[in-house]
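**Q** This one is entry.csv, CSV, C-alpha atoms.
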```csv
chain,number,residue,atom,x,y,z
H,171,MET,CA,68.8,8.3,53.2
H,172,TYR,CA,65.3,6.9,53.7
H,173,LYS,CA,65.5,5.3,50.2
H,174,LYS,CA,68.5,3.3,51.3
H,175,TYR,CA,66.7,2.3,54.5
H,176,PHE,CA,63.7,1.0,52.4
H,177,LEU,CA,66.1,-1.0,50.2
H,178,TRP,CA,67.9,-2.4,53.3
H,179,ALA,CA,64.6,-3.5,54.7
H,180,PHE,CA,63.8,-5.1,51.4
H,181,SER,CA,67.1,-7.0,51.2
H,182,GLN,CA,66.6,-8.4,54.7
H,183,ILE,CA,63.5,-10.3,53.4
H,184,PHE,CA,64.3,-10.9,49.8
H,185,PHE,CA,67.5,-13.0,50.1
H,186,PRO,CA,66.3,-15.4,52.8
H,187,PHE,CA,62.9,-15.7,51.0
H,188,PHE,CA,64.6,-16.4,47.7
H,189,ALA,CA,66.9,-19.0,49.3
H,190,VAL,CA,64.0,-20.9,50.8
H,191,LEU,CA,61.9,-20.9,47.6
H,192,PHE,CA,64.9,-21.8,45.5
H,193,PHE,CA,65.7,-24.8,47.8
H,194,VAL,CA,62.1,-26.0,47.7
H,195,SER,CA,62.0,-25.6,43.9
H,196,SER,CA,65.3,-27.4,43.6
H,197,VAL,CA,64.1,-30.4,45.5
H,198,ILE,CA,61.0,-30.6,43.4
H,199,LEU,CA,63.1,-30.2,40.3
H,200,LEU,CA,65.4,-33.0,41.2
H,201,ILE,CA,62.4,-35.3,41.8
H,202,THR,CA,61.0,-34.3,38.4
H,203,ILE,CA,64.3,-35.0,36.7
H,204,ALA,CA,64.6,-38.4,38.3
H,205,GLY,CA,61.1,-39.2,37.1
H,206,SER,CA,61.6,-38.0,33.5
H,207,SER,CA,64.9,-39.9,33.2
H,208,TYR,CA,63.6,-43.1,34.9
H,209,ALA,CA,64.4,-45.4,31.9
H,210,ILE,CA,68.1,-44.4,31.5
H,211,LYS,CA,71.1,-44.6,33.8
H,212,LEU,CA,72.4,-41.3,35.0
H,213,THR,CA,75.6,-40.5,36.9
H,214,PHE,CA,75.8,-37.8,39.5
H,215,SER,CA,77.4,-35.5,36.9
H,216,ASP,CA,74.5,-36.2,34.4
H,217,LEU,CA,72.0,-35.3,37.1
H,218,ALA,CA,73.9,-32.1,37.8
H,219,TYR,CA,73.8,-31.2,34.0
H,220,LEU,CA,70.1,-31.8,33.8
H,221,PHE,CA,69.6,-29.7,37.0
H,222,LEU,CA,71.5,-26.8,35.5
H,223,TYR,CA,69.5,-27.0,32.3
H,224,SER,CA,66.3,-26.8,34.3
H,225,LEU,CA,67.4,-23.8,36.4
H,226,PRO,CA,66.4,-21.0,34.0
H,227,ASN,CA,62.8,-22.0,34.0
H,228,THR,CA,62.7,-22.2,37.8
H,229,VAL,CA,64.5,-18.9,38.3
H,230,SER,CA,62.3,-17.1,35.8
H,231,PHE,CA,59.3,-18.1,37.8
H,232,ILE,CA,60.7,-17.5,41.3
H,233,ILE,CA,62.3,-14.1,40.9
H,234,PRO,CA,59.2,-12.0,40.0
H,235,ILE,CA,57.1,-13.6,42.8
H,236,THR,CA,59.9,-13.3,45.4
H,237,PHE,CA,60.6,-9.7,44.4
H,238,PHE,CA,57.0,-8.5,44.7
H,239,ALA,CA,56.4,-10.4,47.9
H,240,SER,CA,59.6,-9.1,49.5
H,241,CYS,CA,58.8,-5.5,48.7
H,242,ALA,CA,55.3,-5.7,50.2
H,243,LEU,CA,56.5,-7.6,53.3
H,244,ALA,CA,59.3,-5.1,53.9
H,245,ILE,CA,57.0,-2.2,53.9
H,246,SER,CA,54.5,-4.1,56.0
H,247,ARG,CA,57.2,-4.9,58.6
H,248,LEU,CA,58.1,-1.2,58.7
H,249,SER,CA,54.5,-0.2,59.1
H,250,TYR,CA,53.8,-2.6,62.0
H,251,ASP,CA,57.0,-1.6,63.7
H,252,TYR,CA,55.6,2.0,63.6
H,253,GLU,CA,58.5,3.1,61.4
H,254,MET,CA,56.4,4.1,58.4
H,255,LEU,CA,54.3,6.4,60.7
H,256,VAL,CA,57.6,8.2,61.5
H,257,PHE,CA,58.5,8.6,57.9
H,258,PHE,CA,55.1,9.9,57.0
H,259,SER,CA,55.3,12.4,59.9
H,260,LEU,CA,58.6,13.6,58.4
H,261,GLY,CA,56.9,14.3,55.1
H,262,VAL,CA,57.7,11.1,53.2
H,263,LYS,CA,54.8,10.3,50.8
H,264,PRO,CA,53.7,6.9,49.7
H,265,SER,CA,54.8,7.8,46.2
H,266,VAL,CA,58.4,7.8,47.4
H,267,LEU,CA,58.1,4.0,48.0
H,268,ILE,CA,57.2,3.5,44.4
H,269,LYS,CA,60.0,5.7,43.1
H,270,THR,CA,62.4,3.8,45.4
H,271,PHE,CA,61.6,0.4,44.1
H,272,LEU,CA,60.9,1.4,40.4
H,273,PRO,CA,64.6,1.2,39.2
H,274,LEU,CA,65.1,-2.2,40.8
H,275,THR,CA,61.7,-3.4,39.5
H,276,VAL,CA,62.7,-2.5,35.9
H,277,ILE,CA,66.0,-4.5,36.3
H,278,VAL,CA,64.2,-7.5,37.7
H,279,CYS,CA,61.6,-7.5,34.9
H,280,PHE,CA,64.3,-7.2,32.3
H,281,SER,CA,66.2,-10.0,33.8
H,282,SER,CA,63.1,-12.2,33.9
H,283,LEU,CA,62.4,-11.4,30.3
H,284,VAL,CA,65.9,-12.5,29.3
H,285,PHE,CA,65.4,-15.8,31.2
H,286,SER,CA,61.9,-16.4,29.9
H,287,LEU,CA,62.4,-15.5,26.2
H,288,GLY,CA,66.0,-16.5,25.9
H,289,ALA,CA,67.5,-18.9,28.5
H,290,VAL,CA,64.4,-21.1,29.0
H,291,PRO,CA,63.9,-22.2,25.4
H,292,VAL,CA,67.6,-22.8,24.9
H,293,SER,CA,68.0,-24.8,28.2
H,294,LYS,CA,64.9,-26.8,27.4
H,295,ARG,CA,66.3,-27.8,24.1
H,296,ALA,CA,69.6,-28.7,25.8
H,297,PHE,CA,67.7,-30.8,28.3
H,298,ASP,CA,65.9,-32.7,25.6
H,299,ASN,CA,69.0,-33.3,23.6
H,300,PHE,CA,70.9,-34.6,26.7
H,301,ILE,CA,68.1,-37.1,27.4
H,302,GLU,CA,68.0,-38.3,23.8
H,303,ARG,CA,71.8,-38.6,23.7
H,304,LYS,CA,71.8,-40.7,26.9
H,305,LYS,CA,69.1,-43.0,25.4
H,306,VAL,CA,71.3,-43.7,22.4
H,307,ASP,CA,74.6,-43.9,24.3
H,308,VAL,CA,73.8,-45.9,27.4
H,309,ASP,CA,71.9,-49.1,28.3
H,310,ILE,CA,68.3,-49.0,29.3
H,311,ASN,CA,68.1,-49.1,33.1
H,312,LEU,CA,65.9,-52.0,34.1
H,313,ARG,CA,65.3,-52.3,37.9
H,314,ALA,CA,64.7,-55.6,39.7
H,315,GLY,CA,61.3,-56.2,41.2
H,316,GLU,CA,59.6,-53.1,39.7
H,317,PHE,CA,56.5,-53.0,37.4
H,318,GLY,CA,55.7,-50.7,34.5
H,319,GLN,CA,59.2,-50.6,32.9
H,320,LYS,CA,59.2,-50.4,29.1
H,321,ILE,CA,61.5,-51.2,26.2
H,322,GLY,CA,59.7,-50.0,23.1
H,323,ASP,CA,56.3,-51.6,23.0
H,324,TRP,CA,57.2,-54.2,25.7
H,325,LEU,CA,56.4,-54.1,29.4
H,326,VAL,CA,59.2,-55.8,31.2
H,327,TYR,CA,59.5,-57.3,34.7
H,328,VAL,CA,62.9,-58.5,36.0
H,329,GLU,CA,63.2,-60.5,39.2
H,330,SER,CA,66.9,-59.9,39.8
H,331,VAL,CA,69.9,-58.1,38.2
H,332,GLU,CA,73.6,-59.1,38.5
H,333,ASN,CA,76.4,-57.6,36.4
H,334,ARG,CA,74.0,-56.4,33.8
H,335,ALA,CA,72.6,-59.9,33.4
H,336,TYR,CA,68.9,-60.2,34.1
H,337,LYS,CA,67.3,-63.2,35.7
H,338,ASN,CA,63.7,-64.5,35.4
H,339,LEU,CA,62.3,-62.0,32.9
H,340,VAL,CA,58.6,-61.5,32.0
H,341,LEU,CA,57.6,-59.5,28.9
H,342,PHE,CA,54.2,-58.5,27.7
H,343,SER,CA,53.1,-56.6,24.5
H,344,ILE,CA,50.1,-55.8,22.4
H,345,ASN,CA,51.3,-54.8,19.0
H,346,ARG,CA,49.4,-53.1,16.1
H,347,MET,CA,48.3,-56.4,14.7
H,348,ALA,CA,46.0,-56.7,17.8
H,349,PHE,CA,47.4,-59.9,19.3
H,350,GLU,CA,48.9,-60.3,22.7
H,351,ASN,CA,52.4,-61.7,23.2
H,352,PHE,CA,53.6,-63.0,26.6
H,353,ILE,CA,57.2,-64.1,27.1
H,354,SER,CA,59.0,-65.6,30.0
H,355,ALA,CA,62.8,-66.3,30.1
H,356,LYS,CA,65.3,-67.4,32.7
H,357,GLU,CA,68.0,-65.1,31.6
H,358,GLY,CA,68.4,-62.0,29.4
H,359,LYS,CA,71.0,-59.4,28.3
H,360,ILE,CA,70.7,-56.0,26.7
H,361,THR,CA,73.0,-54.6,24.0
H,362,ASN,CA,73.0,-51.2,22.3
H,363,ASP,CA,74.2,-50.8,18.8
H,364,GLY,CA,73.7,-47.2,17.5
H,365,GLY,CA,70.4,-46.7,19.2
H,366,ILE,CA,69.0,-50.1,18.4
H,367,PHE,CA,68.5,-52.0,21.7
H,368,ALA,CA,68.6,-55.8,21.5
H,369,LEU,CA,67.2,-57.8,24.4
H,370,THR,CA,68.6,-61.4,24.1
H,371,LEU,CA,66.6,-63.9,26.0
H,372,TYR,CA,67.7,-67.5,26.9
H,373,ASP,CA,65.7,-70.6,27.8
H,374,GLY,CA,62.2,-69.3,27.7
H,375,LYS,CA,58.7,-69.6,26.3
H,376,SER,CA,56.5,-67.3,24.2
H,377,TYR,CA,52.7,-67.4,24.4
H,378,ILE,CA,50.8,-65.7,21.6
H,379,ALA,CA,47.0,-65.1,21.8
H,380,GLN,CA,45.5,-63.9,18.4
H,381,LYS,CA,42.2,-62.4,17.4
H,382,ASP,CA,40.8,-65.6,16.2
H,383,GLN,CA,41.1,-67.0,19.7
H,384,GLN,CA,43.9,-69.2,18.7
H,385,PHE,CA,46.6,-69.7,21.3
H,386,ARG,CA,50.2,-70.6,20.4
H,387,SER,CA,53.2,-71.6,22.5
H,388,VAL,CA,56.8,-71.4,21.4
H,389,VAL,CA,59.8,-72.8,23.4
H,390,PHE,CA,63.1,-71.3,22.5
H,391,GLN,CA,66.8,-71.6,23.6
H,392,GLU,CA,67.7,-68.0,22.5
H,393,ALA,CA,65.6,-65.2,21.1
H,394,LYS,CA,66.2,-61.5,20.4
H,395,ILE,CA,63.8,-58.6,20.7
H,396,LYS,CA,65.0,-55.4,19.0
H,397,THR,CA,63.7,-51.9,19.3
H,398,ARG,CA,65.0,-48.6,17.9
H,399,VAL,CA,65.1,-45.7,20.4
H,400,GLY,CA,66.0,-43.3,17.6
H,401,GLU,CA,68.7,-40.8,17.0
H,402,ALA,CA,69.2,-37.9,19.3
H,403,PRO,CA,67.7,-34.8,17.6
H,404,LEU,CA,70.8,-32.6,18.3
H,405,SER,CA,70.5,-29.1,17.0
H,406,GLY,CA,71.0,-25.5,18.0
H,407,TYR,CA,68.3,-23.0,18.8
H,408,ASP,CA,67.5,-19.9,16.7
H,409,LEU,CA,65.4,-17.9,19.2
H,410,VAL,CA,64.2,-15.5,16.5
H,411,GLU,CA,62.9,-18.3,14.4
H,412,TYR,CA,61.4,-20.1,17.4
H,413,TRP,CA,59.3,-17.1,18.6
H,414,SER,CA,58.5,-15.9,15.0
H,415,GLU,CA,56.5,-19.0,14.5
H,416,GLY,CA,54.2,-18.0,17.3
H,417,LEU,CA,54.1,-14.3,16.4
H,418,SER,CA,53.2,-15.1,12.8
H,419,GLY,CA,50.3,-17.3,13.9
H,420,GLU,CA,51.7,-20.6,12.8
H,421,SER,CA,51.8,-22.1,16.3
H,422,HIS,CA,49.1,-21.4,18.9
H,423,SER,CA,51.2,-23.1,21.6
H,424,LYS,CA,54.1,-20.7,20.9
H,425,ARG,CA,51.8,-17.7,21.2
H,426,ARG,CA,50.6,-18.9,24.5
H,427,LYS,CA,54.1,-19.5,25.8
H,428,PHE,CA,55.2,-16.0,24.5
H,429,ALA,CA,52.3,-14.2,26.2
H,430,LYS,CA,52.7,-16.1,29.5
H,431,ALA,CA,56.5,-15.5,29.5
H,432,ILE,CA,56.1,-11.8,29.1
H,433,LEU,CA,53.2,-11.4,31.5
H,434,MET,CA,54.9,-13.4,34.3
H,435,ALA,CA,58.2,-11.5,33.8
H,436,ILE,CA,56.6,-8.0,34.0
H,437,PHE,CA,54.3,-8.9,37.0
H,438,PRO,CA,56.5,-6.9,39.5
H,439,PHE,CA,56.2,-3.8,37.4
H,440,LEU,CA,52.4,-4.2,36.9
H,441,SER,CA,52.0,-4.7,40.7
H,442,LEU,CA,54.2,-1.9,41.9
H,443,PHE,CA,51.2,0.1,43.2
H,444,LEU,CA,50.1,-2.9,45.2
H,445,VAL,CA,53.3,-2.7,47.3
H,446,PRO,CA,52.2,0.4,49.3
H,447,LEU,CA,48.6,-0.8,49.1
H,448,ILE,CA,49.4,-4.0,50.9
H,449,GLY,CA,52.4,-2.8,53.0
H,450,VAL,CA,51.2,0.5,54.3
H,451,ALA,CA,48.9,0.3,57.3
H,452,ASN,CA,48.2,1.9,60.7
H,453,PRO,CA,49.1,-0.8,63.3
H,454,ARG,CA,46.6,0.7,65.7
H,455,TYR,CA,43.6,0.1,63.6
H,456,HIS,CA,44.6,-2.7,61.1
H,457,LYS,CA,45.6,-6.3,61.6
H,458,ASN,CA,48.5,-7.6,59.5
H,459,PHE,CA,47.1,-9.6,56.6
H,460,SER,CA,49.9,-8.6,54.2
H,461,ALA,CA,50.9,-12.2,53.6
H,462,PHE,CA,47.3,-13.2,52.7
H,463,TYR,CA,46.9,-10.2,50.3
H,464,ILE,CA,50.2,-11.1,48.6
H,465,ILE,CA,49.2,-14.7,48.1
H,466,CYS,CA,45.8,-13.5,46.7
H,467,SER,CA,47.4,-11.0,44.3
H,468,VAL,CA,49.9,-13.6,43.0
H,469,VAL,CA,47.4,-16.4,42.6
H,470,LEU,CA,44.8,-14.1,41.0
H,471,PHE,CA,47.2,-12.7,38.4
H,472,PHE,CA,48.7,-16.1,37.5
H,473,VAL,CA,45.2,-17.7,37.2
H,474,LEU,CA,44.1,-14.9,34.9
H,475,VAL,CA,47.2,-15.4,32.8
H,476,GLN,CA,46.7,-19.1,32.6
H,477,ILE,CA,43.0,-18.8,31.6
H,478,PHE,CA,43.0,-15.9,29.2
H,479,ALA,CA,46.4,-16.5,27.6
H,480,ASP,CA,45.2,-19.9,26.4
H,481,LEU,CA,42.1,-18.3,24.9
H,482,ALA,CA,43.5,-15.2,23.3
H,483,PRO,CA,47.2,-14.8,23.9
H,484,PHE,CA,47.9,-11.4,22.1
H,485,VAL,CA,44.7,-9.8,23.4
H,486,THR,CA,45.6,-10.9,26.9
H,487,LEU,CA,49.1,-9.6,26.5
H,488,VAL,CA,47.7,-6.1,25.9
H,489,ALA,CA,44.5,-6.1,27.9
H,490,LEU,CA,45.6,-7.7,31.2
H,491,PRO,CA,48.6,-5.4,31.9
H,492,VAL,CA,46.4,-2.3,31.3
H,493,ILE,CA,43.5,-3.6,33.5
H,494,TRP,CA,45.8,-4.8,36.3
H,495,LEU,CA,47.9,-1.6,36.3
H,496,VAL,CA,44.8,0.7,36.2
H,497,GLY,CA,43.0,-1.3,38.8
H,498,SER,CA,46.0,-1.4,41.2
H,499,TYR,CA,46.5,2.3,40.8
H,500,GLY,CA,42.9,3.0,41.5
H,501,LEU,CA,43.0,1.0,44.7
H,502,TYR,CA,46.3,2.7,45.7
H,503,PHE,CA,44.8,6.2,45.0
H,504,TRP,CA,41.7,5.4,47.0
H,505,LYS,CA,43.2,3.6,50.0
H,506,ILE,CA,46.7,5.0,50.4
H,507,LYS,CA,47.4,8.2,48.4
H,508,SER,CA,44.3,10.0,49.5
H,509,ILE,CA,44.9,9.2,53.2
H,510,TYR,CA,48.7,9.4,53.6
```
Spit out the file's structure as C-alpha cells when you get a sec.

**A**
Amino acid sequence: MYKKYFLWAFSQIFFPFFAVLFFVSSVILLITIAGSSYAIKLTFSDLAYLFLYSLPNTVSFIIPITFFASCALAISRLSYDYEMLVFFSLGVKPSVLIKTFLPLTVIVCFSSLVFSLGAVPVSKRAFDNFIERKKVDVDINLRAGEFGQKIGDWLVYVESVENRAYKNLVLFSINRMAFENFISAKEGKITNDGGIFALTLYDGKSYIAQKDQQFRSVVFQEAKIKTRVGEAPLSGYDLVEYWSEGLSGESHSKRRKFAKAILMAIFPFLSLFLVPLIGVANPRYHKNFSAFYIICSVVLFFVLVQIFADLAPFVTLVALPVIWLVGSYGLYFWKIKSIY
C-alpha cells in the first residue's frame, strides 16, 4: 500500500513538472527552428513537421532529468509533511523507496536509450533532409529592410518587396579571386530551376574593385546572378552502420555522441541512491534544500559527461557510472541507511 502512495506522490510532481519543462523547451525549439530556417519560406505545416522532427532530442533530454527530480522532490515533500517519519515508525526502511522506484527507473532509462540511440539520429536526418528539400523546392525568402541576408556568396539588401518583385536591391560579394563586387539595381526577381537560383536584376550598376587598385563601373539594363543551392541529400538511415562508425574508431564525434547518449539516458538509474539521500530528512532539524541538491547533482553529472566524454568517450562510459553509483551509495549508506 505504501508503495502505491509513494508512486502517487511522485505522479503529483512529475506530470506538472514535465509539462512545464516541455513547454519551455518547445518555445526554445520553435525559436531555434525559425533561426535555422531563416533563408527559406515555411508554412505552418512545415514548421509543425520540423517541430516534430526535433522532439525526440528534446524528450530524450527532459525525461531523465524530470524523473530524477520528481522522485527526489516527492520524497522531500513527504518528509517535510512529517509523513516519512510516520512510515519509518511503522517499520518502512529507506531501501523500500529504492525498490519502489527501481522498476519505473528501468523503464525510463530504456525509453531514453531508445530515443537517444534510435529516434534522435533518425529525426535529425529527417530534419536536415526536409530543410534541404525546401531549399531546392521553394524560393529563397528575402525580407525587406533586413541586413545579413545571403544568396550563395552574395550579401543582399532589399528595400521593399511586392508580389515577389524586389525593389532597390544592393548586393555585395568578395569572391575567391579576391576582388570586391558591389551591385545596385532598381528591380529584381528570383527564379528557381532545379536548385539553381537566378536573381535577375534590372536597371542597375556594378562596381568592381580589384587587387591592383583598379576600379571599374558597369551599367546594365538586365543582369543575372546564378547560384546552385545543391540537391537535397535524401537518404534513409541505417542505425547500425551509423553507430558502428563510432564504435570501430572511425569517427571520434560519433564516439562522443554514443557515450553522451548512453550516460544521459541512464542518469536516473545511476542516481537512484540520491533520491532518499536528497529527499529523506527530519523537518525538525533540517531545512529543505532538496531543490538545490537536485540542481547540483544534475549539473555536476552533465558537466562531467561533457568534459570527460569529449576526452575519452569509452573510458568515461565505463568509469563515470561506476564512480557515480559507488559514490552515491556511499553517501546514502552514511547519511540515510545507518540512521533510518

**Q** Using all atoms listed in the file, which of H:Phe285, H:Phe385, H:Tyr252, H:Tyr336 sits nearest Phe231 in chain H?

**A**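 For Phe231 in chain H, the nearest of the given residues is H:Phe285.
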
**Q** Using only C-alpha atoms, can you tell me which of H:Trp494, H:Trp413, H:Phe503, H:Tyr372 comes closest to Pro446 in chain H?

**A**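 Of the candidates, the smallest distance to Pro446 in chain H is held by H:Phe503.
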
**Q** Between H:Arg454, H:Val190, H:Lys430, H:Ile506, which one has atoms that come closest to Ala479 in chain H, using only C-alpha atoms?

**A**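 Once distances to Ala479 in chain H are computed over only C-alpha atoms, the minimum belongs to H:Lys430.
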
**Q** So how far away is CA of Leu495 in chain H from CA of Phe185 in chain H, in Å?

**A**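 About the pair CA of Phe185 in chain H and CA of Leu495 in chain H: they are 26.5 Å apart.
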
**Q** Can you pull out the residues contacting Pro186 in chain H? Cut-off 12 Å, using all atoms listed in the file, and skip same-chain residues under 5 positions away; I want them as a VMD selection string.

**A** chain H and resid 180 to 181 191 to 193 236 to 237 240
